[in-house]
Each structure stands twice: as structure tokens, then as C-alpha cells.
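Asks: Take a look at coords_20.cif, mmCIF, C-alpha atoms:
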```cif
data_final
#
loop_
_atom_site.label_atom_id
_atom_site.label_comp_id
_atom_site.auth_asym_id
_atom_site.auth_seq_id
_atom_site.Cartn_x
_atom_site.Cartn_y
_atom_site.Cartn_z
CA MET A 22 -69.19 37.24 -59.67
CA LEU A 23 -67.94 37.85 -56.15
CA PHE A 24 -64.18 38.43 -56.51
CA PRO A 25 -62.66 40.49 -53.68
CA LEU A 26 -59.02 41.26 -53.13
CA ILE A 27 -58.07 40.60 -49.51
CA LEU A 28 -55.28 42.44 -47.69
CA VAL A 29 -54.18 40.76 -44.48
CA SER A 30 -53.06 43.17 -41.75
CA PRO A 31 -51.70 45.90 -44.04
CA ALA A 32 -49.70 48.39 -41.97
CA ARG A 33 -49.11 51.30 -44.35
CA PRO A 34 -52.15 53.34 -45.43
CA GLU A 35 -50.27 54.42 -48.57
CA ASN A 36 -50.07 50.80 -49.68
CA ILE A 37 -53.81 50.37 -49.18
CA GLY A 38 -54.48 53.49 -51.22
CA ALA A 39 -52.15 52.28 -53.98
CA ALA A 40 -53.93 48.91 -53.97
CA ALA A 41 -57.32 50.59 -54.29
CA ARG A 42 -56.06 52.73 -57.18
CA ALA A 43 -54.66 49.68 -58.97
CA MET A 44 -57.96 47.86 -58.50
CA LYS A 45 -60.00 50.75 -59.89
CA THR A 46 -57.70 51.08 -62.90
CA MET A 47 -58.07 47.40 -63.82
CA GLY A 48 -61.79 47.00 -63.13
CA PHE A 49 -61.82 45.47 -59.64
CA SER A 50 -64.00 46.99 -56.95
CA GLN A 51 -64.29 44.66 -53.94
CA LEU A 52 -61.69 45.12 -51.21
CA ARG A 53 -61.57 43.22 -47.93
CA ILE A 54 -59.14 44.05 -45.13
CA VAL A 55 -58.21 41.73 -42.29
CA ALA A 56 -57.17 42.96 -38.84
CA SER A 57 -56.23 46.53 -39.76
CA ASP A 58 -57.78 49.97 -39.65
CA ALA A 59 -54.95 51.65 -41.60
CA TRP A 60 -57.32 52.14 -44.54
CA GLN A 61 -59.08 54.85 -42.51
CA ASP A 62 -55.94 56.99 -42.43
CA PRO A 63 -56.24 60.05 -44.72
CA ALA A 64 -53.03 58.97 -46.46
CA ALA A 65 -54.82 55.96 -47.91
CA ARG A 66 -57.45 58.12 -49.58
CA ARG A 67 -54.86 60.60 -50.79
CA VAL A 68 -52.89 57.88 -52.59
CA ALA A 69 -56.07 56.18 -53.84
CA HIS A 70 -56.67 59.31 -55.98
CA GLY A 71 -60.00 58.67 -57.66
CA ALA A 72 -60.64 55.25 -56.15
CA GLY A 73 -62.26 56.57 -52.98
CA GLU A 74 -65.41 54.51 -53.51
CA ILE A 75 -63.37 51.33 -53.06
CA LEU A 76 -62.24 52.58 -49.65
CA ASP A 77 -65.81 53.69 -48.87
CA ASN A 78 -66.98 50.11 -49.40
CA VAL A 79 -64.16 48.24 -47.68
CA GLN A 80 -65.29 45.16 -45.78
CA THR A 81 -63.33 44.38 -42.62
CA PHE A 82 -62.75 41.03 -40.91
CA ALA A 83 -61.01 39.85 -37.78
CA THR A 84 -59.29 36.87 -39.42
CA LEU A 85 -58.48 35.58 -42.88
CA ALA A 86 -60.73 32.59 -42.22
CA ASP A 87 -63.64 35.00 -41.71
CA ALA A 88 -62.79 36.88 -44.90
CA LEU A 89 -62.80 33.61 -46.87
CA ALA A 90 -65.96 32.16 -45.34
CA ASP A 91 -68.09 32.84 -48.44
CA ILE A 92 -65.34 32.18 -51.01
CA ASP A 93 -65.28 29.01 -53.13
CA PHE A 94 -61.75 29.33 -54.53
CA SER A 95 -58.89 31.45 -53.21
CA VAL A 96 -55.36 32.30 -54.32
CA ALA A 97 -52.67 33.69 -52.03
CA THR A 98 -49.48 35.49 -52.96
CA THR A 99 -46.37 34.31 -51.16
CA ALA A 100 -42.61 34.01 -51.54
CA ARG A 101 -41.48 30.73 -53.08
CA SER A 102 -39.57 29.87 -49.90
CA ARG A 103 -42.85 29.79 -47.98
CA ALA A 104 -44.45 27.35 -50.38
CA LYS A 105 -42.81 24.22 -48.89
CA PHE A 106 -43.97 21.25 -50.96
CA ARG A 107 -46.83 23.16 -52.52
CA TYR A 108 -47.40 24.01 -56.15
CA TYR A 109 -46.41 27.59 -56.90
CA ALA A 110 -48.17 29.30 -59.82
CA THR A 111 -47.00 32.28 -61.80
CA PRO A 112 -49.44 35.17 -62.38
CA GLU A 113 -50.01 33.85 -65.93
CA GLN A 114 -50.89 30.40 -64.59
CA VAL A 115 -53.23 31.97 -62.04
CA GLU A 116 -55.05 33.73 -64.88
CA THR A 117 -55.53 30.40 -66.68
CA GLN A 118 -56.79 28.72 -63.52
CA LEU A 119 -59.27 31.47 -62.67
CA LEU A 120 -60.62 31.76 -66.20
CA GLU A 121 -61.53 28.07 -65.96
CA LYS A 122 -62.76 28.18 -62.36
CA ARG A 123 -65.10 31.09 -62.98
CA GLN A 124 -67.17 28.82 -65.20
CA TRP A 125 -68.28 26.71 -62.24
CA VAL A 126 -67.56 28.46 -58.94
CA ASN A 127 -69.59 31.34 -57.54
CA SER A 128 -66.83 33.28 -55.81
CA MET A 129 -63.06 33.69 -55.95
CA ALA A 130 -60.57 35.78 -53.99
CA LEU A 131 -56.96 36.94 -54.23
CA VAL A 132 -55.12 37.26 -50.91
CA PHE A 133 -52.11 39.45 -50.12
CA GLY A 134 -50.11 39.12 -46.89
CA ARG A 135 -48.43 41.54 -44.53
CA GLU A 136 -45.82 43.90 -45.90
CA ASP A 137 -43.08 42.63 -43.60
CA SER A 138 -43.89 38.96 -43.01
CA GLY A 139 -46.48 37.86 -45.55
CA LEU A 140 -48.94 35.16 -44.50
CA THR A 141 -48.48 32.67 -41.70
CA ASN A 142 -48.32 28.94 -42.44
CA GLU A 143 -51.76 28.60 -40.87
CA GLU A 144 -53.16 31.26 -43.20
CA LEU A 145 -51.55 29.63 -46.24
CA GLU A 146 -53.39 26.42 -45.36
CA LEU A 147 -56.71 28.24 -45.83
CA VAL A 148 -56.27 28.92 -49.56
CA ASP A 149 -56.48 26.72 -52.64
CA LEU A 150 -53.52 27.94 -54.67
CA LEU A 151 -50.24 29.75 -54.01
CA THR A 152 -48.68 32.24 -56.38
CA GLY A 153 -45.81 34.68 -56.54
CA ILE A 154 -44.18 37.11 -58.94
CA PRO A 155 -40.94 35.78 -60.48
CA MET A 156 -38.15 38.33 -60.11
CA ALA A 157 -34.59 38.47 -61.35
CA ASN A 158 -33.28 39.26 -57.86
CA ASP A 159 -34.43 38.45 -54.35
CA TYR A 160 -34.04 42.14 -53.50
CA PRO A 161 -35.47 44.65 -54.03
CA SER A 162 -38.90 43.06 -53.76
CA LEU A 163 -42.21 44.58 -54.80
CA ASN A 164 -44.19 46.41 -52.16
CA LEU A 165 -47.85 45.64 -51.52
CA GLY A 166 -49.25 48.29 -53.86
CA GLN A 167 -46.98 47.16 -56.69
CA ALA A 168 -47.88 43.49 -56.19
CA VAL A 169 -51.60 44.29 -56.30
CA MET A 170 -51.06 46.24 -59.54
CA VAL A 171 -49.24 43.30 -61.17
CA TYR A 172 -52.05 40.87 -60.37
CA CYS A 173 -54.85 43.29 -61.22
CA TYR A 174 -53.25 43.85 -64.61
CA GLN A 175 -52.70 40.13 -65.21
CA LEU A 176 -56.22 39.21 -64.14
CA SER A 177 -58.06 42.13 -65.74
CA LYS A 178 -59.22 39.76 -68.48
CA LEU A 179 -61.57 38.25 -65.90
CA ASN A 180 -63.51 41.50 -65.99
CA GLN A 181 -63.72 41.49 -69.79
CA VAL A 182 -64.90 37.93 -70.46
CA GLU A 183 -68.45 36.93 -69.67
CA ALA A 184 -68.53 33.74 -67.62
CA SER A 185 -70.83 30.98 -68.87
CA LYS A 186 -71.82 28.88 -65.89
CA ALA A 187 -71.64 25.12 -66.30
CA SER A 188 -74.93 23.38 -65.60
CA ALA A 189 -75.45 22.14 -62.06
CA ALA A 190 -72.03 23.42 -61.04
CA ASP A 191 -71.15 23.22 -57.36
CA GLY A 192 -68.54 25.68 -56.19
CA GLN A 193 -67.95 23.66 -53.02
CA GLN A 194 -66.93 20.44 -54.75
CA LEU A 195 -63.21 21.19 -54.52
CA GLN A 196 -63.43 21.67 -50.76
CA ALA A 197 -65.49 18.50 -50.44
CA LEU A 198 -62.98 16.59 -52.55
CA ARG A 199 -60.11 17.78 -50.39
CA GLN A 200 -61.93 16.66 -47.25
CA ARG A 201 -62.65 13.24 -48.74
CA PHE A 202 -59.01 12.75 -49.67
CA HIS A 203 -57.91 13.55 -46.12
CA GLN A 204 -60.49 11.13 -44.73
CA LEU A 205 -59.10 8.47 -47.05
CA LEU A 206 -55.54 9.17 -45.90
CA ALA A 207 -56.67 8.78 -42.31
CA GLN A 208 -58.42 5.50 -43.14
CA LEU A 209 -55.24 4.25 -44.84
CA GLU A 210 -53.23 5.42 -41.80
CA VAL A 211 -50.95 7.68 -43.82
CA SER A 212 -52.36 11.05 -42.74
CA ASP A 213 -49.08 11.91 -41.00
CA ASP A 214 -47.32 12.09 -44.38
CA GLU A 215 -47.07 15.89 -44.54
CA LYS A 216 -45.63 15.97 -48.05
CA LEU A 217 -48.43 13.79 -49.43
CA SER A 218 -51.15 15.77 -47.64
CA ASP A 219 -49.74 19.06 -48.81
CA TRP A 220 -49.43 17.79 -52.40
CA ILE A 221 -53.09 16.73 -52.39
CA ASP A 222 -54.24 20.08 -51.01
CA GLN A 223 -52.52 22.02 -53.77
CA ARG A 224 -53.23 19.69 -56.67
CA VAL A 225 -56.94 19.63 -55.88
CA GLY A 226 -56.94 23.39 -56.42
CA LEU A 227 -55.68 22.89 -59.98
CA LEU A 228 -58.49 20.57 -61.04
CA GLU A 229 -61.02 21.51 -63.68
CA GLN A 230 -64.68 20.75 -63.05
CA ARG A 231 -64.78 17.51 -65.06
CA ASP A 232 -61.64 16.20 -63.32
CA SER A 233 -63.13 17.04 -59.93
CA ALA A 234 -66.36 15.20 -60.75
CA MET A 235 -64.45 12.13 -61.97
CA LEU A 236 -62.34 12.01 -58.80
CA HIS A 237 -65.50 12.18 -56.69
CA ARG A 238 -66.75 9.13 -58.59
CA LEU A 239 -63.45 7.33 -58.05
CA LEU A 240 -63.51 8.08 -54.33
CA ASN A 241 -67.05 6.74 -54.15
CA ASP A 242 -65.79 3.43 -55.55
CA ILE A 243 -62.77 3.36 -53.24
CA GLU A 244 -64.84 4.18 -50.15
CA LYS A 245 -67.41 1.52 -51.05
CA LYS A 246 -64.70 -1.11 -51.57
CA LEU A 247 -63.05 -0.28 -48.24
CA THR A 248 -66.41 -0.39 -46.46
CA ASP A 249 -67.23 -3.78 -48.04
CA LYS A 250 -63.84 -5.21 -46.97
CA SER A 251 -64.31 -3.87 -43.45
CA SER A 252 -67.77 -5.42 -43.23
CA ALA A 253 -66.49 -8.76 -44.53
CA LYS A 254 -63.76 -8.88 -41.87
CA SER A 255 -66.23 -8.18 -39.10
#
```
So that I can check it, write out the structure of this file as C-alpha cells.
Replies:
Amino acid sequence: MLFPLILVSPARPENIGAAARAMKTMGFSQLRIVASDAWQDPAARRVAHGAGEILDNVQTFATLADALADIDFSVATTARSRAKFRYYATPEQVETQLLEKRQWVNSMALVFGREDSGLTNEELELVDLLTGIPMANDYPSLNLGQAVMVYCYQLSKLNQVEASKASAADGQQLQALRQRFHQLLAQLEVSDDEKLSDWIDQRVGLLEQRDSAMLHRLLNDIEKKLTDKSSAKS
């Protein structure tokens, strides 16, 4: 399965090297880097220490949207304060979600933000699920390399369990469901309800395949009923 870790604008080559080393240790091999060439600094390879092949095969992208273009389901790490109304999963909950999702999606990704400022609100809108590491104190916080190690350790089970694909699974159905919900909100003239829209975006990411399929069926019925009422009025 395609499952890259994505670092957005990392500034310190040592952090990139530490991330690569953590990935290698826990069985991950695909690293994508957005808007940064710090991985080419010799310090990155020195800290990587045995994980040079991950740096050799780094894929680079201009934007996070580009890096996620071929990804069906994505998770981004962020501070709880940045989550606004959105659901905020612990690393353990992320593991549960991804173990289920891997049965019916073709690609997943884990996104890490900038060392100093994390991800922008616009970038957070691009992902399906937000997560963060619970800590006893707000400071000191984990640096990028440490955060990558925590998640690689927590999610290493994904590399040990063989995924059994569900029949006729469509990895794009969550994205399609999200789009249909927003179209419905617009039709009901409540699309300006930011809290409702944000709640839908995050909750859709938590759905299992059967739930997603059932909601598509429900939306079919709702859309048909609304179309019939509109036709009757005209």
C-alpha cells in the first residue's frame, strides 16, 4: 500500500534525518517533502544514520495539495488549539482508524507541519483527520523527529498486518461523500454554518466502509426527494 509520511516545509536537516531514521526503524520507507530542500544538507544524512535510502528516494512537492493528489485518506498532526471544531484523534485512535481504512482505500498518508508554526488552516482543510500527541505540559513540546518516531512506533502494526481488500472498494468514496454533503448544505442554504461544515468534514473521515456506503444511499434518497419537490413546484 502507498503510505508516505509527508513533511511540510521542514527547516532543520537534522529533523529530517531523525524522521528518516525513525521511519526505517519502524518499517516505513516513503518520505515526501513539501517546499524544502533541507533534506539535501549533509546533516540530514548524518543524523539519518543507516536510513540513507529513504533520503535517496525522497519525493518533493511544491504544495501539500500536490503531495496529497494521489492519496485517498490523510491524517495531519496538529496542536489541539488549531483543531477548532474538528475531531482530534489520539495516536491510538489513528491506529484504529487506519487499520480499518487500509481494508478499502488504496493509499494513506501522515502529514507533519512546520517546526515553528505547524500547518496553516488552509492545509488542515486538505486532510481527513487531525491528530496530536497528548502531553502533560504544553511545554516542552516534541520536535519534529520525536513526533515522527511516536507515530511510526504507534502505527508500525500497519506494516505487520496483511490488508485484505474489501470487494469493489472505492478509496474515493469518502471524498465523494464529503462533496455531496456540502452540496446538500448549499441546497438547504446552510452552507455558511462553519461549525456544521467543519463537523461534517471531520466525521466523514471517521466512517467505516459500510457506513460510508449507507450514507451514500441515504443521500441518494434525499437528493431524489428534493429534486421531486423542486419539479413539483415548477
Asks: If you count all atoms listed in the file, which residues fall within 10 Å of Gln114 (chain A), apart from same-chain ones fewer than 6 positions away, as an NGL selection string?
Replies: :A and (120 or 152 or 175)
Asks: For each of A:Gln193, A:Thr98, A:Thr81, A:Ser212, take the minimum atom-to-atom distance to Val169 (chain A), counting only C-alpha atoms, then give the residue where this is smallest.
Replies: A:Thr98
Asks: As an exercise, work out the distance from CA of Val132 (chain A) to CA of Leu23 (chain A) in Å and give it to one decimal place.
Replies: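 One can read the CA of Val132 (chain A) to CA of Leu23 (chain A) distance as 13.9 Å.
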Asks: Nearest residue to Ala83 (chain A) out of A:Ser30, A:Thr46, A:Thr248, A:Thr141, using all atoms listed in the file?
Replies: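 Counting all atoms listed in the file, the residue closest to Ala83 (chain A) is A:Ser30.
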Asks: Using all atoms listed in the file, determine which residues lie at most 9 Å from Ala39 (chain A), disregarding the query and same-chain residues fewer than 3 positions distant; provide the list as number ranges by chain.
Replies: A: 34-36, 42-44, 65, 68-70, 165-167, 169-170
Asks: A:Leu247, A:Leu89, A:Met156, A:Ile221: which is nearest Arg199 (chain A), counting only C-alpha atoms?
Replies: A:Ile221
Asks: I'd like the interatomic distance between CA of Val211 (chain A) and CA of Leu239 (chain A), to a tenth of an Å.
Replies: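 Pair CA of Val211 (chain A) / CA of Leu239 (chain A) returns 18.9 Å.
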Asks: Report the residues retrieved by the PyMOL selection byres ((chain A and resi 150) around 12) from the displayed file, expressed as number ranges by chain.
Replies: A: 93-99, 104, 107-112, 114-116, 118-119, 129-132, 144-149, 151-153, 195, 219-228
Asks: Go ahead and write the residues just picked, C-alpha atoms, as a compact mmCIF listing (two decimals), in the frame of the given file.
Replies:
```txt
# COMPACT_ATOMS: atom_id res chain seq x y z
CA ASP A 93 -65.28 29.01 -53.13
CA PHE A 94 -61.75 29.33 -54.53
CA SER A 95 -58.89 31.45 -53.21
CA VAL A 96 -55.36 32.30 -54.32
CA ALA A 97 -52.67 33.69 -52.03
CA THR A 98 -49.48 35.49 -52.96
CA THR A 99 -46.37 34.31 -51.16
CA ALA A 104 -44.45 27.35 -50.38
CA ARG A 107 -46.83 23.16 -52.52
CA TYR A 108 -47.40 24.01 -56.15
CA TYR A 109 -46.41 27.59 -56.90
CA ALA A 110 -48.17 29.30 -59.82
CA THR A 111 -47.00 32.28 -61.80
CA PRO A 112 -49.44 35.17 -62.38
CA GLN A 114 -50.89 30.40 -64.59
CA VAL A 115 -53.23 31.97 -62.04
CA GLU A 116 -55.05 33.73 -64.88
CA GLN A 118 -56.79 28.72 -63.52
CA LEU A 119 -59.27 31.47 -62.67
CA MET A 129 -63.06 33.69 -55.95
CA ALA A 130 -60.57 35.78 -53.99
CA LEU A 131 -56.96 36.94 -54.23
CA VAL A 132 -55.12 37.26 -50.91
CA GLU A 144 -53.16 31.26 -43.20
CA LEU A 145 -51.55 29.63 -46.24
CA GLU A 146 -53.39 26.42 -45.36
CA LEU A 147 -56.71 28.24 -45.83
CA VAL A 148 -56.27 28.92 -49.56
CA ASP A 149 -56.48 26.72 -52.64
CA LEU A 151 -50.24 29.75 -54.01
CA THR A 152 -48.68 32.24 -56.38
CA GLY A 153 -45.81 34.68 -56.54
CA LEU A 195 -63.21 21.19 -54.52
CA ASP A 219 -49.74 19.06 -48.81
CA TRP A 220 -49.43 17.79 -52.40
CA ILE A 221 -53.09 16.73 -52.39
CA ASP A 222 -54.24 20.08 -51.01
CA GLN A 223 -52.52 22.02 -53.77
CA ARG A 224 -53.23 19.69 -56.67
CA VAL A 225 -56.94 19.63 -55.88
CA GLY A 226 -56.94 23.39 -56.42
CA LEU A 227 -55.68 22.89 -59.98
CA LEU A 228 -58.49 20.57 -61.04
```
Asks: For CA of Glu136 (chain A) and CA of Gln61 (chain A), determine how far apart the two atoms are, in Å to one decimal place.
Replies: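 Computed distance, CA of Glu136 (chain A) to CA of Gln61 (chain A), equals 17.5 Å.
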Asks: Starting from the structure just given, write a file holding region 166-226 of chain A with C-alpha atoms, as a short mmCIF file (atom, residue, chain, number, x, y, z; two decimals), in the first residue's frame.
Replies:
```cif
data_model
loop_
_atom_site.label_atom_id
_atom_site.label_comp_id
_atom_site.auth_asym_id
_atom_site.auth_seq_id
_atom_site.Cartn_x
_atom_site.Cartn_y
_atom_site.Cartn_z
CA GLY A 166 11.91 13.99 14.69
CA GLN A 167 10.43 12.92 18.02
CA ALA A 168 6.85 13.31 16.76
CA VAL A 169 7.60 11.19 13.70
CA MET A 170 9.09 8.50 15.96
CA VAL A 171 5.97 8.42 18.17
CA TYR A 172 3.65 7.92 15.21
CA CYS A 173 5.91 5.45 13.41
CA TYR A 174 6.02 3.36 16.57
CA GLN A 175 2.26 3.58 17.11
CA LEU A 176 1.46 2.76 13.50
CA SER A 177 4.12 0.10 12.95
CA LYS A 178 1.39 -2.53 13.23
CA LEU A 179 0.22 -1.40 9.79
CA ASN A 180 3.41 -2.89 8.39
CA GLN A 181 2.89 -6.20 10.18
CA VAL A 182 -0.74 -6.95 9.29
CA GLU A 183 -1.66 -8.02 5.80
CA ALA A 184 -4.53 -5.95 4.46
CA SER A 185 -7.46 -7.87 2.97
CA LYS A 186 -9.14 -5.63 0.45
CA ALA A 187 -12.93 -5.42 0.57
CA SER A 188 -14.58 -6.35 -2.70
CA ALA A 189 -15.33 -3.47 -5.06
CA ALA A 190 -13.90 -0.98 -2.59
CA ASP A 191 -13.59 2.60 -3.76
CA GLY A 192 -10.98 4.66 -1.99
CA GLN A 193 -12.54 7.89 -3.26
CA GLN A 194 -15.95 7.35 -1.70
CA LEU A 195 -15.15 9.40 1.40
CA GLN A 196 -14.16 12.39 -0.70
CA ALA A 197 -17.28 11.97 -2.83
CA LEU A 198 -19.43 11.73 0.29
CA ARG A 199 -17.94 14.91 1.69
CA GLN A 200 -18.64 16.74 -1.56
CA ARG A 201 -22.24 15.53 -1.62
CA PHE A 202 -22.82 16.70 1.94
CA HIS A 203 -21.54 20.17 1.08
CA GLN A 204 -23.77 20.29 -1.99
CA LEU A 205 -26.70 19.37 0.23
CA LEU A 206 -25.83 22.12 2.71
CA ALA A 207 -25.73 24.61 -0.14
CA GLN A 208 -29.11 23.39 -1.41
CA LEU A 209 -30.55 23.77 2.10
CA GLU A 210 -28.96 27.24 2.31
CA VAL A 211 -26.97 26.46 5.45
CA SER A 212 -23.51 26.22 3.90
CA ASP A 213 -22.39 29.30 5.85
CA ASP A 214 -22.65 27.35 9.11
CA GLU A 215 -18.91 26.89 9.66
CA LYS A 216 -19.29 24.67 12.70
CA LEU A 217 -21.66 22.30 10.90
CA SER A 218 -19.49 22.15 7.78
CA ASP A 219 -16.37 21.51 9.80
CA TRP A 220 -18.11 18.79 11.84
CA ILE A 221 -19.20 17.02 8.65
CA ASP A 222 -15.69 17.18 7.16
CA GLN A 223 -14.13 15.51 10.19
CA ARG A 224 -16.84 12.97 10.93
CA VAL A 225 -16.82 11.72 7.36
CA GLY A 226 -13.17 10.80 7.87
#
```
